[in-house]
file data.pdb (PDB, C-alpha atoms)
ATOM      1  CA  GLY A   1      71.063 110.500  44.822  1.00  0.00           C
ATOM      2  CA  TRP A   2      73.271 109.990  47.885  1.00  0.00           C
ATOM      3  CA  MET A   3      76.479 110.595  45.934  1.00  0.00           C
ATOM      4  CA  ALA A   4      75.172 113.946  44.719  1.00  0.00           C
ATOM      5  CA  ASP A   5      74.501 114.878  48.344  1.00  0.00           C
ATOM      6  CA  VAL A   6      78.086 113.976  49.271  1.00  0.00           C
ATOM      7  CA  GLN A   7      79.461 116.070  46.414  1.00  0.00           C
ATOM      8  CA  THR A   8      77.320 119.051  47.395  1.00  0.00           C
ATOM      9  CA  ALA A   9      78.252 118.805  51.083  1.00  0.00           C
ATOM     10  CA  THR A  10      81.997 118.737  50.294  1.00  0.00           C
ATOM     11  CA  GLU A  11      82.201 121.022  47.264  1.00  0.00           C
ATOM     12  CA  ASP A  12      84.052 123.740  49.202  1.00  0.00           C
ATOM     13  CA  ILE A  13      86.292 121.323  51.149  1.00  0.00           C
ATOM     14  CA  ASP A  14      89.601 119.819  50.046  1.00  0.00           C
ATOM     15  CA  VAL A  15      89.048 116.270  51.269  1.00  0.00           C
ATOM     16  CA  GLN A  16      92.429 114.542  51.597  1.00  0.00           C
ATOM     17  CA  VAL A  17      91.599 111.700  53.992  1.00  0.00           C
ATOM     18  CA  VAL A  18      88.958 109.154  52.975  1.00  0.00           C
ATOM     19  CA  PHE A  19      87.861 106.143  55.011  1.00  0.00           C
ATOM     20  CA  ASN A  20      85.598 103.693  53.179  1.00  0.00           C
ATOM     21  CA  ASN A  21      84.174 101.733  56.092  1.00  0.00           C
ATOM     22  CA  ALA A  22      80.501 100.936  55.388  1.00  0.00           C
ATOM     23  CA  GLY A  23      79.556  97.298  54.998  1.00  0.00           C
ATOM     24  CA  TYR A  24      77.401  94.456  56.277  1.00  0.00           C
ATOM     25  CA  ILE A  25      77.083  90.699  55.837  1.00  0.00           C
ATOM     26  CA  LEU A  26      74.248  88.670  54.325  1.00  0.00           C
ATOM     27  CA  THR A  27      74.398  85.108  55.624  1.00  0.00           C
ATOM     28  CA  GLY A  28      72.814  81.854  54.528  1.00  0.00           C
ATOM     29  CA  PHE A  29      72.878  79.914  51.280  1.00  0.00           C
ATOM     30  CA  PHE A  30      73.128  82.011  48.124  1.00  0.00           C
ATOM     31  CA  GLU A  31      69.685  81.072  46.789  1.00  0.00           C
ATOM     32  CA  GLN A  32      67.987  81.839  50.107  1.00  0.00           C
ATOM     33  CA  HIS A  33      68.093  85.590  49.457  1.00  0.00           C
ATOM     34  CA  SER A  34      66.693  87.508  46.505  1.00  0.00           C
ATOM     35  CA  VAL A  35      69.037  88.869  43.874  1.00  0.00           C
ATOM     36  CA  GLU A  36      67.907  92.340  44.950  1.00  0.00           C
ATOM     37  CA  ALA A  37      69.127  91.658  48.491  1.00  0.00           C
ATOM     38  CA  HIS A  38      72.476  90.435  47.157  1.00  0.00           C
ATOM     39  CA  LEU A  39      72.895  93.473  44.911  1.00  0.00           C
ATOM     40  CA  ALA A  40      72.006  95.833  47.768  1.00  0.00           C
ATOM     41  CA  ASN A  41      74.794  94.161  49.764  1.00  0.00           C
ATOM     42  CA  PHE A  42      77.118  94.476  46.758  1.00  0.00           C
ATOM     43  CA  ASN A  43      76.319  98.160  46.346  1.00  0.00           C
ATOM     44  CA  CYS A  44      76.958  98.977  50.005  1.00  0.00           C
ATOM     45  CA  ASN A  45      80.135  96.925  50.358  1.00  0.00           C
ATOM     46  CA  LEU A  46      81.773  97.637  47.005  1.00  0.00           C
ATOM     47  CA  SER A  47      79.978  99.960  44.565  1.00  0.00           C
ATOM     48  CA  ALA A  48      79.731 102.758  47.133  1.00  0.00           C
ATOM     49  CA  ASN A  49      83.488 102.480  47.673  1.00  0.00           C
ATOM     50  CA  VAL A  50      84.083 102.907  43.955  1.00  0.00           C
ATOM     51  CA  ARG A  51      81.858 105.995  43.734  1.00  0.00           C
ATOM     52  CA  LEU A  52      83.319 107.743  46.780  1.00  0.00           C
ATOM     53  CA  THR A  53      86.901 106.873  45.933  1.00  0.00           C
ATOM     54  CA  HIS A  54      86.625 107.925  42.307  1.00  0.00           C
ATOM     55  CA  HIS A  55      85.241 111.321  43.289  1.00  0.00           C
ATOM     56  CA  PHE A  56      87.702 112.209  46.049  1.00  0.00           C
ATOM     57  CA  TYR A  57      90.721 110.591  44.402  1.00  0.00           C
ATOM     58  CA  SER A  58      90.022 112.540  41.197  1.00  0.00           C
ATOM     59  CA  GLN A  59      89.762 115.753  43.207  1.00  0.00           C
ATOM     60  CA  MET A  60      93.149 115.111  44.843  1.00  0.00           C
ATOM     61  CA  ILE A  61      94.767 114.407  41.485  1.00  0.00           C
ATOM     62  CA  GLN A  62      93.263 117.472  39.816  1.00  0.00           C
ATOM     63  CA  LYS A  63      94.384 119.759  42.653  1.00  0.00           C
ATOM     64  CA  SER A  64      97.790 118.053  43.146  1.00  0.00           C
ATOM     65  CA  LEU A  65      96.906 117.294  46.767  1.00  0.00           C
ATOM     66  CA  LYS A  66      98.537 114.658  48.907  1.00  0.00           C
ATOM     67  CA  GLY A  67      96.261 112.356  50.865  1.00  0.00           C
ATOM     68  CA  CYS A  68      95.212 108.864  51.796  1.00  0.00           C
ATOM     69  CA  ILE A  69      92.356 106.514  51.086  1.00  0.00           C
ATOM     70  CA  VAL A  70      91.730 103.604  53.451  1.00  0.00           C
ATOM     71  CA  PHE A  71      89.324 100.743  52.793  1.00  0.00           C
ATOM     72  CA  THR A  72      87.961  98.475  55.514  1.00  0.00           C
ATOM     73  CA  SER A  73      88.226  95.106  53.829  1.00  0.00           C
ATOM     74  CA  SER A  74      88.361  91.711  55.510  1.00  0.00           C
ATOM     75  CA  ALA A  75      90.306  88.492  55.744  1.00  0.00           C
ATOM     76  CA  ALA A  76      87.148  87.061  54.181  1.00  0.00           C
ATOM     77  CA  GLY A  77      88.399  88.548  50.929  1.00  0.00           C
ATOM     78  CA  PHE A  78      91.165  85.984  50.582  1.00  0.00           C
ATOM     79  CA  ILE A  79      89.411  82.781  51.675  1.00  0.00           C
ATOM     80  CA  PRO A  80      86.285  80.989  50.384  1.00  0.00           C
ATOM     81  CA  ASN A  81      83.114  82.253  52.075  1.00  0.00           C
ATOM     82  CA  PRO A  82      80.369  79.636  52.002  1.00  0.00           C
ATOM     83  CA  PHE A  83      77.136  80.893  53.580  1.00  0.00           C
ATOM     84  CA  ALA A  84      78.233  84.504  53.022  1.00  0.00           C
ATOM     85  CA  VAL A  85      78.990  84.460  49.303  1.00  0.00           C
ATOM     86  CA  MET A  86      78.449  88.131  48.554  1.00  0.00           C
ATOM     87  CA  TYR A  87      80.502  89.284  51.523  1.00  0.00           C
ATOM     88  CA  GLY A  88      83.600  87.394  50.407  1.00  0.00           C
ATOM     89  CA  CYS A  89      83.069  88.578  46.834  1.00  0.00           C
ATOM     90  CA  THR A  90      82.821  92.247  47.782  1.00  0.00           C
ATOM     91  CA  LYS A  91      85.748  92.196  50.202  1.00  0.00           C
ATOM     92  CA  ALA A  92      87.967  90.561  47.594  1.00  0.00           C
ATOM     93  CA  GLY A  93      86.939  93.373  45.252  1.00  0.00           C
ATOM     94  CA  VAL A  94      87.684  96.034  47.854  1.00  0.00           C
ATOM     95  CA  SER A  95      91.194  94.677  48.469  1.00  0.00           C
ATOM     96  CA  GLU A  96      91.914  94.419  44.749  1.00  0.00           C
ATOM     97  CA  LEU A  97      90.651  97.972  44.214  1.00  0.00           C
ATOM     98  CA  ALA A  98      92.969  99.226  46.960  1.00  0.00           C
ATOM     99  CA  ALA A  99      95.987  97.293  45.681  1.00  0.00           C
ATOM    100  CA  SER A 100      95.586  98.451  42.098  1.00  0.00           C
ATOM    101  CA  LEU A 101      94.855 102.070  42.983  1.00  0.00           C
ATOM    102  CA  ALA A 102      97.827 102.138  45.375  1.00  0.00           C
ATOM    103  CA  VAL A 103     100.151 101.456  42.448  1.00  0.00           C
ATOM    104  CA  GLU A 104      98.725 104.414  40.537  1.00  0.00           C
ATOM    105  CA  GLY A 105      98.585 106.799  43.481  1.00  0.00           C
ATOM    106  CA  LYS A 106     101.788 106.226  45.467  1.00  0.00           C
ATOM    107  CA  ALA A 107     104.131 108.283  43.283  1.00  0.00           C
ATOM    108  CA  ARG A 108     101.532 111.077  43.155  1.00  0.00           C
ATOM    109  CA  GLY A 109     101.405 111.443  46.918  1.00  0.00           C
ATOM    110  CA  ILE A 110      98.270 109.452  47.654  1.00  0.00           C
ATOM    111  CA  ASP A 111      98.619 106.444  49.952  1.00  0.00           C
ATOM    112  CA  VAL A 112      95.998 103.738  49.532  1.00  0.00           C
ATOM    113  CA  HIS A 113      95.509 100.883  51.990  1.00  0.00           C
ATOM    114  CA  ALA A 114      93.105  98.028  52.639  1.00  0.00           C
ATOM    115  CA  VAL A 115      92.918  96.885  56.233  1.00  0.00           C
ATOM    116  CA  HIS A 116      91.854  93.338  57.082  1.00  0.00           C
ATOM    117  CA  PRO A 117      90.664  93.414  60.701  1.00  0.00           C
ATOM    118  CA  SER A 118      90.039  90.366  62.816  1.00  0.00           C
ATOM    119  CA  PRO A 119      86.436  90.236  64.169  1.00  0.00           C
ATOM    120  CA  VAL A 120      85.202  93.522  65.664  1.00  0.00           C
ATOM    121  CA  ASN A 121      82.123  93.922  67.882  1.00  0.00           C
ATOM    122  CA  SER A 122      79.647  96.057  65.928  1.00  0.00           C
ATOM    123  CA  ARG A 123      76.202  95.858  64.315  1.00  0.00           C
ATOM    124  CA  PHE A 124      77.854  94.061  61.413  1.00  0.00           C
ATOM    125  CA  THR A 125      76.506  90.613  62.335  1.00  0.00           C
ATOM    126  CA  VAL A 126      72.907  91.838  62.544  1.00  0.00           C
ATOM    127  CA  GLY A 127      72.773  93.399  59.096  1.00  0.00           C
ATOM    128  CA  GLY A 128      74.553  96.649  59.834  1.00  0.00           C
ATOM    129  CA  GLY A 129      71.279  98.362  60.692  1.00  0.00           C
ATOM    130  CA  ASN A 130      69.674  97.207  57.423  1.00  0.00           C
ATOM    131  CA  GLN A 131      66.395  95.320  57.336  1.00  0.00           C
ATOM    132  CA  VAL A 132      67.867  91.997  56.229  1.00  0.00           C
ATOM    133  CA  LYS A 133      67.475  88.491  57.610  1.00  0.00           C
ATOM    134  CA  VAL A 134      70.737  87.197  59.021  1.00  0.00           C
ATOM    135  CA  HIS A 135      70.929  83.416  59.302  1.00  0.00           C
ATOM    136  CA  LYS A 136      72.770  82.015  62.303  1.00  0.00           C
ATOM    137  CA  ILE A 137      76.250  80.861  61.296  1.00  0.00           C
ATOM    138  CA  ASP A 138      78.051  79.032  64.095  1.00  0.00           C
ATOM    139  CA  SER A 139      81.525  79.597  62.628  1.00  0.00           C
ATOM    140  CA  ILE A 140      80.964  83.362  62.639  1.00  0.00           C
ATOM    141  CA  GLU A 141      79.637  83.330  66.193  1.00  0.00           C
ATOM    142  CA  MET A 142      82.670  81.344  67.298  1.00  0.00           C
ATOM    143  CA  ALA A 143      85.034  83.844  65.665  1.00  0.00           C
ATOM    144  CA  TYR A 144      83.252  86.715  67.407  1.00  0.00           C
ATOM    145  CA  LYS A 145      84.012  85.243  70.812  1.00  0.00           C
ATOM    146  CA  PHE A 146      87.507  86.638  70.227  1.00  0.00           C
ATOM    147  CA  ALA A 147      86.358  89.980  68.786  1.00  0.00           C
ATOM    148  CA  SER A 148      87.868  93.282  69.840  1.00  0.00           C
ATOM    149  CA  GLY A 149      86.051  96.575  70.335  1.00  0.00           C
ATOM    150  CA  PRO A 150      85.960  99.102  67.482  1.00  0.00           C
ATOM    151  CA  GLU A 151      87.958 101.585  69.576  1.00  0.00           C
ATOM    152  CA  ALA A 152      91.060  99.403  69.108  1.00  0.00           C
ATOM    153  CA  LEU A 153      91.283  99.972  65.362  1.00  0.00           C
ATOM    154  CA  PRO A 154      91.737 103.705  64.591  1.00  0.00           C
ATOM    155  CA  ASN A 155      95.211 104.065  66.120  1.00  0.00           C
ATOM    156  CA  GLN A 156      96.390 100.890  64.396  1.00  0.00           C
ATOM    157  CA  ILE A 157      95.061 102.077  61.059  1.00  0.00           C
ATOM    158  CA  PHE A 158      96.532 105.582  61.350  1.00  0.00           C
ATOM    159  CA  SER A 159      99.917 104.135  62.296  1.00  0.00           C
ATOM    160  CA  ALA A 160      99.973 102.146  59.052  1.00  0.00           C
ATOM    161  CA  ILE A 161      99.242 104.906  56.559  1.00  0.00           C
ATOM    162  CA  GLY A 162     102.244 105.417  54.318  1.00  0.00           C
ATOM    163  CA  ARG A 163     104.391 103.148  56.481  1.00  0.00           C
ATOM    164  CA  CYS A 164     103.291  99.592  55.715  1.00  0.00           C
ATOM    165  CA  PRO A 165     102.361  97.502  52.677  1.00  0.00           C
ATOM    166  CA  VAL A 166      99.077  98.205  50.950  1.00  0.00           C
ATOM    167  CA  MET A 167      97.368  95.257  52.642  1.00  0.00           C
ATOM    168  CA  TYR A 168      97.367  95.458  56.441  1.00  0.00           C
ATOM    169  CA  ASP A 169      96.255  92.355  58.354  1.00  0.00           C
ATOM    170  CA  LEU A 170      95.115  93.305  61.867  1.00  0.00           C
ATOM    171  CA  GLY A 171      94.814  90.758  64.639  1.00  0.00           C
ATOM    172  CA  SER A 172      95.492  87.072  65.038  1.00  0.00           C
ATOM    173  CA  THR A 173      92.508  85.839  63.016  1.00  0.00           C
ATOM    174  CA  ALA A 174      93.432  87.788  59.888  1.00  0.00           C
ATOM    175  CA  ILE A 175      97.100  86.833  60.154  1.00  0.00           C
ATOM    176  CA  ALA A 176      96.243  83.132  60.686  1.00  0.00           C
ATOM    177  CA  MET A 177      93.986  83.103  57.624  1.00  0.00           C
ATOM    178  CA  ARG A 178      96.714  84.726  55.544  1.00  0.00           C
ATOM    179  CA  LEU A 179      99.224  82.071  56.641  1.00  0.00           C
ATOM    180  CA  VAL A 180      96.835  79.210  55.875  1.00  0.00           C
ATOM    181  CA  ILE A 181      96.306  80.509  52.346  1.00  0.00           C
ATOM    182  CA  HIS A 182     100.052  81.039  51.939  1.00  0.00           C
ATOM    183  CA  PHE A 183     100.906  77.451  52.811  1.00  0.00           C
ATOM    184  CA  LEU A 184      97.886  75.598  51.388  1.00  0.00           C
ATOM    185  CA  GLY A 185      97.098  77.766  48.401  1.00  0.00           C
ATOM    186  CA  TYR A 186      93.685  79.188  47.530  1.00  0.00           C
ATOM    187  CA  ASN A 187      92.694  76.441  45.091  1.00  0.00           C
ATOM    188  CA  LEU A 188      93.463  73.571  47.463  1.00  0.00           C
ATOM    189  CA  MET A 189      91.719  75.271  50.359  1.00  0.00           C
ATOM    190  CA  THR A 190      88.611  75.884  48.234  1.00  0.00           C
ATOM    191  CA  TYR A 191      88.544  72.247  47.092  1.00  0.00           C
ATOM    192  CA  ALA A 192      88.904  71.050  50.685  1.00  0.00           C
ATOM    193  CA  PHE A 193      86.071  73.363  51.749  1.00  0.00           C
ATOM    194  CA  ALA A 194      83.838  72.011  48.988  1.00  0.00           C
ATOM    195  CA  LEU A 195      84.455  68.400  49.991  1.00  0.00           C
ATOM    196  CA  ALA A 196      83.986  69.065  53.702  1.00  0.00           C
ATOM    197  CA  ALA A 197      80.995  71.430  53.456  1.00  0.00           C
ATOM    198  CA  PRO A 198      78.188  68.826  53.714  1.00  0.00           C
ATOM    199  CA  PHE A 199      79.614  67.690  57.051  1.00  0.00           C
ATOM    200  CA  MET A 200      79.780  71.187  58.542  1.00  0.00           C
ATOM    201  CA  PRO A 201      77.120  72.155  61.128  1.00  0.00           C
ATOM    202  CA  ASP A 202      76.468  75.455  59.304  1.00  0.00           C
ATOM    203  CA  TYR A 203      75.741  73.553  56.082  1.00  0.00           C
ATOM    204  CA  LYS A 204      73.373  71.120  57.812  1.00  0.00           C
ATOM    205  CA  ASN A 205      71.589  73.865  59.765  1.00  0.00           C
ATOM    206  CA  ASN A 206      70.967  76.142  56.785  1.00  0.00           C
ATOM    207  CA  VAL A 207      70.646  73.956  53.677  1.00  0.00           C
ATOM    208  CA  ALA A 208      66.928  73.227  54.147  1.00  0.00           C
ATOM    209  CA  LYS A 209      65.872  76.780  55.002  1.00  0.00           C
ATOM    210  CA  LYS A 210      63.571  78.567  52.613  1.00  0.00           C
ATOM    211  CA  LYS A 211      64.243  81.777  50.727  1.00  0.00           C
ATOM    212  CA  SER A 212      63.776  84.878  52.867  1.00  0.00           C
TER     213      SER A 212
END

call {"tool": "encode", "arguments": {"input": "data.pdb", "output": "structure tokens"}}
result
Amino acid sequence: GWMADVQTATEDIDVQVVFNNAGYILTGFFEQHSVEAHLANFNCNLSANVRLTHHFYSQMIQKSLKGCIVFTSSAAGFIPNPFAVMYGCTKAGVSELAASLAVEGKARGIDVHAVHPSPVNSRFTVGGGNQVKVHKIDSIEMAYKFASGPEALPNQIFSAIGRCPVMYDLGSTAIAMRLVIHFLGYNLMTYAFALAAPFMPDYKNNVAKKKS
């Protein structure tokens, strides 16, 4: 339904700049939320990106228009995400979608980027305005002590379009995570996480909670 509304509202407009920015986080252990809640999160964070991008990208190709498509992804997409399983899954998908589409679109005049911001103060940590239960995760709250305001991002993002690699890590947190993965490797980091998880405060605080 909503995609049809978007198509109708833009049918007489040549849209050449697309920002896929919608998303929210569902925290807690995987089994503590219903599969419907997880899939709603998946649809907002990833499926909606696919629908919007496919429509506007196809329009640009058909009309031989130049343009850009920018996805708001996350450093969470390249590290394990215990206690926010669906968020890490969807952000990894968003970054992969951007990287693959960038290869197809670059020579045809369409720049595609995925930006990986460090924490940004927004409604993101309270469900993005959705009626979902957000479990307290100390590691997330700690990261948000160093968050920037949303007004800091647009100029950085615009400055990157067509001028930087497809993946754009913004801020110290995203860059630090990228370096850790580079030196440790994803598999080793995941194994270390799995071994250490039972000793983490977030694990102890959430493991006994019931399904919401």

call {"tool": "atom_distance", "arguments": {"input": "data.pdb", "atom1": "CA of Ala48 in chain A", "atom2": "CA of Ser34 in chain A"}}
result
20.1 Å

call {"tool": "resolve_selection", "arguments": {"input": "data.pdb", "expression": "the PyMOL selection byres ((chain A and resi 160-174) around 8)", "output": "CSV table (one decimal) with C-alpha atoms, keeping the file's coordinate frame"}}
result
chain,number,residue,atom,x,y,z
A,68,CYS,CA,95.2,108.9,51.8
A,74,SER,CA,88.4,91.7,55.5
A,75,ALA,CA,90.3,88.5,55.7
A,95,SER,CA,91.2,94.7,48.5
A,98,ALA,CA,93.0,99.2,47.0
A,99,ALA,CA,96.0,97.3,45.7
A,102,ALA,CA,97.8,102.1,45.4
A,111,ASP,CA,98.6,106.4,50.0
A,112,VAL,CA,96.0,103.7,49.5
A,113,HIS,CA,95.5,100.9,52.0
A,114,ALA,CA,93.1,98.0,52.6
A,115,VAL,CA,92.9,96.9,56.2
A,116,HIS,CA,91.9,93.3,57.1
A,117,PRO,CA,90.7,93.4,60.7
A,118,SER,CA,90.0,90.4,62.8
A,119,PRO,CA,86.4,90.2,64.2
A,156,GLN,CA,96.4,100.9,64.4
A,157,ILE,CA,95.1,102.1,61.1
A,158,PHE,CA,96.5,105.6,61.4
A,159,SER,CA,99.9,104.1,62.3
A,175,ILE,CA,97.1,86.8,60.2
A,176,ALA,CA,96.2,83.1,60.7
A,177,MET,CA,94.0,83.1,57.6
A,178,ARG,CA,96.7,84.7,55.5

call {"tool": "atom_distance", "arguments": {"input": "data.pdb", "atom1": "CA of Tyr191 in chain A", "atom2": "CA of Asn81 in chain A"}}
result
12.4 Å

call {"tool": "atom_distance", "arguments": {"input": "data.pdb", "atom1": "CA of Leu195 in chain A", "atom2": "CA of Phe29 in chain A"}}
result
16.4 Å

call {"tool": "closest_residue", "arguments": {"input": "data.pdb", "among": "A:Gly109, A:Pro150, A:Pro201, A:Gly28", "to": "Gly67 in chain A", "atoms": "all atoms listed in the file"}}
result
A:Gly109

call {"tool": "closest_residue", "arguments": {"input": "data.pdb", "among": "A:Lys63, A:Pro154, A:Lys211, A:His54", "to": "Ala37 in chain A", "atoms": "only C-alpha atoms"}}
result
A:Lys211

call {"tool": "residues_around", "arguments": {"input": "data.pdb", "residues": "Val94 in chain A", "least_positions_apart": "4", "cutoff": "10 Å", "atoms": "all atoms listed in the file", "output": "compact mmCIF listing (two decimals) with C-alpha atoms, in the coordinates of the input"}}
result
# COMPACT_ATOMS: atom_id res chain seq x y z
CA ASN A 20 85.60 103.69 53.18
CA ASN A 45 80.14 96.92 50.36
CA LEU A 46 81.77 97.64 47.00
CA SER A 47 79.98 99.96 44.56
CA ASN A 49 83.49 102.48 47.67
CA VAL A 50 84.08 102.91 43.96
CA PHE A 71 89.32 100.74 52.79
CA THR A 72 87.96 98.48 55.51
CA SER A 73 88.23 95.11 53.83
CA SER A 74 88.36 91.71 55.51
CA GLY A 77 88.40 88.55 50.93
CA GLY A 88 83.60 87.39 50.41
CA CYS A 89 83.07 88.58 46.83
CA THR A 90 82.82 92.25 47.78
CA ALA A 98 92.97 99.23 46.96
CA ALA A 99 95.99 97.29 45.68
CA ALA A 114 93.10 98.03 52.64
CA VAL A 115 92.92 96.88 56.23

call {"tool": "closest_residue", "arguments": {"input": "data.pdb", "among": "A:Leu97, A:Ala107, A:Ile25, A:Ala9", "to": "Val85 in chain A", "atoms": "all atoms listed in the file"}}
result
A:Ile25

call {"tool": "resolve_selection", "arguments": {"input": "data.pdb", "expression": "the PyMOL selection byres ((chain A and resi 209) around 10)", "output": "NGL selection string"}}
result
:A and (28-29 or 32 or 135 or 204-208 or 210-212)

call {"tool": "residues_around", "arguments": {"input": "data.pdb", "residues": "Val17 in chain A", "least_positions_apart": "2", "cutoff": "9 Å", "atoms": "only C-alpha atoms", "output": "PyMOL selection string"}}
result
chain A and resi 15+19+56+67-70

call {"tool": "axis_aligned_box", "arguments": {"input": "data.pdb", "around": "range 184-193 of chain A", "padding_each_side": "3 Å", "output": "JSON"}}
result
{"center_x": 92.0, "center_y": 75.1, "center_z": 48.4, "size_x": 17.8, "size_y": 14.1, "size_z": 12.7}

call {"tool": "resolve_selection", "arguments": {"input": "data.pdb", "expression": "the PyMOL selection byres ((chain A and resi 190) around 12)", "output": "list of chain:residue names"}}
result
A:Phe78, A:Ile79, A:Pro80, A:Asn81, A:Pro82, A:Val180, A:Ile181, A:Leu184, A:Gly185, A:Tyr186, A:Asn187, A:Leu188, A:Met189, A:Tyr191, A:Ala192, A:Phe193, A:Ala194, A:Leu195, A:Ala196, A:Ala197

call {"tool": "residues_around", "arguments": {"input": "data.pdb", "residues": "Phe83 in chain A", "least_positions_apart": "5", "cutoff": "8 Å", "atoms": "all atoms listed in the file", "output": "ChimeraX atom specification"}}
result
/A:27-30,137,202-203

call {"tool": "closest_residue", "arguments": {"input": "data.pdb", "among": "A:Met60, A:Leu65, A:Ile110, A:Met86", "to": "His33 in chain A", "atoms": "all atoms listed in the file"}}
result
A:Met86

call {"tool": "decode", "arguments": {"input": "data.pdb", "residues": "range 87-109 of chain A", "atoms": "N, CA and C atoms", "output": "compact mmCIF listing (two decimals), in the first residue's frame"}}
result
# COMPACT_ATOMS: atom_id res chain seq x y z
N TYR A 87 18.85 -6.06 13.95
CA TYR A 87 19.46 -4.81 13.51
C TYR A 87 20.76 -5.08 12.76
N GLY A 88 21.63 -5.89 13.34
CA GLY A 88 22.88 -6.21 12.66
C GLY A 88 22.64 -6.89 11.33
N CYS A 89 21.67 -7.81 11.31
CA CYS A 89 21.32 -8.53 10.08
C CYS A 89 20.88 -7.57 8.98
N THR A 90 19.99 -6.64 9.32
CA THR A 90 19.46 -5.75 8.29
C THR A 90 20.50 -4.75 7.81
N LYS A 91 21.35 -4.27 8.72
CA LYS A 91 22.36 -3.29 8.31
C LYS A 91 23.45 -3.94 7.46
N ALA A 92 23.76 -5.19 7.74
CA ALA A 92 24.68 -5.92 6.85
C ALA A 92 24.07 -6.04 5.46
N GLY A 93 22.76 -6.31 5.41
CA GLY A 93 22.08 -6.41 4.13
C GLY A 93 22.05 -5.10 3.38
N VAL A 94 21.82 -4.00 4.10
CA VAL A 94 21.80 -2.68 3.48
C VAL A 94 23.16 -2.36 2.85
N SER A 95 24.24 -2.62 3.59
CA SER A 95 25.58 -2.32 3.06
C SER A 95 25.92 -3.19 1.86
N GLU A 96 25.52 -4.45 1.90
CA GLU A 96 25.77 -5.34 0.77
C GLU A 96 24.96 -4.92 -0.45
N LEU A 97 23.71 -4.51 -0.22
CA LEU A 97 22.88 -4.00 -1.31
C LEU A 97 23.53 -2.79 -1.96
N ALA A 98 24.02 -1.87 -1.15
CA ALA A 98 24.66 -0.66 -1.68
C ALA A 98 25.92 -1.01 -2.47
N ALA A 99 26.75 -1.89 -1.90
CA ALA A 99 28.01 -2.24 -2.56
C ALA A 99 27.77 -2.91 -3.90
N SER A 100 26.85 -3.82 -3.95
CA SER A 100 26.58 -4.55 -5.19
C SER A 100 25.93 -3.66 -6.24
N LEU A 101 24.98 -2.82 -5.81
CA LEU A 101 24.31 -1.93 -6.75
C LEU A 101 25.27 -0.86 -7.27
N ALA A 102 26.21 -0.44 -6.43
CA ALA A 102 27.19 0.57 -6.85
C ALA A 102 28.00 0.09 -8.05
N VAL A 103 28.32 -1.19 -8.06
CA VAL A 103 29.09 -1.76 -9.17
C VAL A 103 28.29 -1.69 -10.47
N GLU A 104 26.99 -1.94 -10.37
CA GLU A 104 26.14 -1.90 -11.56
C GLU A 104 25.87 -0.47 -12.02
N GLY A 105 25.76 0.45 -11.06
CA GLY A 105 25.29 1.80 -11.41
C GLY A 105 26.35 2.81 -11.75
N LYS A 106 27.59 2.62 -11.28
CA LYS A 106 28.62 3.65 -11.42
C LYS A 106 28.83 4.09 -12.86
N ALA A 107 29.03 3.14 -13.75
CA ALA A 107 29.31 3.47 -15.16
C ALA A 107 28.09 4.05 -15.87
N ARG A 108 26.92 3.93 -15.26
CA ARG A 108 25.69 4.47 -15.86
C ARG A 108 25.28 5.79 -15.22
N GLY A 109 26.20 6.36 -14.42
CA GLY A 109 25.96 7.69 -13.89
C GLY A 109 25.19 7.74 -12.60
